[in-house]
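Presented below is the structure to which this report refers.
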Amino acid sequence: MSSTPSATASFTAGTLPPARHLAVGAAALAVALYLAYYLADVPGNGRELSLSVLLGIAFGVVLQRSRFCFYCVTRDFFAERDARGLLGIITALAVGTLGYHVLFGAFLPDPTTGRLPPGAHIGPVSWVLAAGALSFGFGMALSGSCISAHLYRLGEGSPTSPIALVGALGGFVLGFLSWNTLYLRALQEAPVAWLPKSLGYDGSVLLQLLLLGLAAALLAWAHRAAPAAETLPWWRRRWPAYVGGILVGFIGVLAFLRVGPLGVTAELGSLARTAASGASWFPLRLEGLDSFAGCATAVKETLWSENGAFVTGLVLGSLAVAVPSGDFKPRLPRLGESVRALIGGVLLGWGSMVALGCTIGTLLSGIMAAAVSGWVFAVFALIGTWIGWQLRKRRGW
């Protein structure tokens, strides 16, 4: 994805982006803000829809400017021992852990009663979760991004992200087709483990921060100094990973307080479920699915959902900053990368469906909520990513 020489020269010659790029970025932001204004008047949940767009804008800006992509930063560590991106994710988890536990004390003062915080992404722990995370990690490596990164890369003009997202829709349909069997064999009796229930809020915070601190120390020990970055104008420089992590953690806490936990797959899953629900081969009843917390899917009855508004804001927010910064570089995809993106997208969709979320909903929001399911997803997604990265390396992709 390379720019033409003339475009590159125009970006590096001055101290500000070209006016036409500023205009496109401003237009994308204006559309997003108008959407938030328009949705505020929707009867019933207009306020939540409007706030979802605004949170999506902020999330898309942060993801794009800090390159907050779970696969990319993991690949950086595997290939170059550059741990900065992974340390940014740990920063987000630490900030979110502290914020979530403060909110939990208000929502549910006594965590030992057996109740769970309303809406928190705390899912069942079983081999199905591990299989979904493995599939998701492998799909990330094959397609080149996690689902949230594919969404923000739509704003960068990525040639493969639309293909991967179409594949993810198909993967969700496959997940729905396999759901009843998986539920009856494993998920029906799987424990829903929440650390504060056993350790209390103080013990849960201490354990999570200890685990995150240990992971950070190991990454810092393994980190190799990255080569000096190319000198760029301030508006083209990516934000440091720790800045992105702090902001992602803050947005996650604010979203949980005002709307719901961060997640990006509920709308994709709902679109797939709605499209397939009329087919005779599609199950009319998905056993127990709606009883679990996570990136819930449902047959769509209205045009706008809170997650759909959030995702729309995310893409527009990414576009608003990608164009002025010179990161908007569309091109036609090659055949090989298109096939990998499609297959990887199917694996992303199936993994997201059976794991009740992705690296944002199950991993990020789950670990922030002290859900054991979030930690399990993180471990097996990392294993799947490593396997997929090894395959890419050996095949020369």
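By order of appearance in the structure tokens: chains A, B, ..., then residues from 1 within every chain, and ligands from 1 in the order shown.
Counting only C-alpha atoms, Gly308 in chain A has the following residues at most 9 Å away, ignoring those fewer than 5 positions along the same chain: Leu49, Ser52, Val53, Val264, Ala266, Glu267, Leu268, Leu303 and Gly313 of chain A.
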**Asked** Hey, what's within 12 Å of Pro162 in chain A if we count only C-alpha atoms and toss same-chain stuff fewer than 4 positions away? As number ranges by chain, please?
**Response** A: 143, 145, 147, 149-158, 166-169, 315, 330, 332-333, 338, 341-342, 345
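If you count only C-alpha atoms and ignore residues fewer than 2 places along the chain from Leu257 in chain A, what sits within 12 Å of it is A:Glu48, A:Leu51, A:Ser52, A:Leu55, A:Gly96, A:Gly99, A:Tyr100, A:His101, A:Val102, A:Leu103, A:Phe104, A:Ala106, A:Phe107, A:Pro117, A:Pro118, A:Gly119, A:Ala120, A:Phe250, A:Ile251, A:Gly252, A:Val253, A:Leu254, A:Ala255, A:Val259, A:Gly260, A:Pro261, A:Leu262.
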**Asked** In terms of the shortest atom-to-atom distance over only C-alpha atoms, which of A:Thr265, A:Ala378, A:Ala83, A:Met353 is closest to Glu306 in chain A?
**Response** A:Thr265
Would you tabulate, counting only C-alpha atoms, all residues of range 29-96 of chain A that have an atom at most 10 Å from an atom of range 121-140 of chain A, showing the closest pair of atoms and their distance in Å to one decimal, sorted by chain then ascending number, as JSON lines?
{"residue": "A:Cys69", "atom": "CA", "partner": "A:Met140", "partner_atom": "CA", "distance": 9.9}
{"residue": "A:Phe70", "atom": "CA", "partner": "A:Met140", "partner_atom": "CA", "distance": 8.4}
{"residue": "A:Tyr71", "atom": "CA", "partner": "A:Met140", "partner_atom": "CA", "distance": 6.0}
{"residue": "A:Cys72", "atom": "CA", "partner": "A:Met140", "partner_atom": "CA", "distance": 9.1}
Would you put the residues from that selection into a file with C-alpha atoms, as a short mmCIF file (atom, residue, chain, number, x, y, z; two decimals), in the first residue's frame?
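The file below, selection_28.cif, is the result:
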data_model
loop_
_atom_site.label_atom_id
_atom_site.label_comp_id
_atom_site.auth_asym_id
_atom_site.auth_seq_id
_atom_site.Cartn_x
_atom_site.Cartn_y
_atom_site.Cartn_z
CA CYS A 69 -4.20 -3.97 16.47
CA PHE A 70 -3.84 -7.17 18.48
CA TYR A 71 -2.33 -9.14 15.60
CA CYS A 72 0.04 -6.42 14.44
#
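Residue nearest Glu301 in chain A, chosen from A:Ala275, A:Ile387, A:Met368, A:Ala322 and counting only C-alpha atoms: A:Ala275.
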**Asked** Where in range 175-305 of chain A does DSSP assign alpha helix (DSSP H), given as an MDAnalysis selection string?
**Response** chainID A and resid 175:185 195:222 241:258 266:276
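Here CA of Trp375 in chain A stands at a distance of 10.7 Å from CA of Leu212 in chain A.
Between CA of Leu184 in chain A and CA of Gly114 in chain A the separation is 23.3 Å.
Here CA of Thr231 in chain A is placed at a distance of 14.4 Å from CA of Gly326 in chain A.
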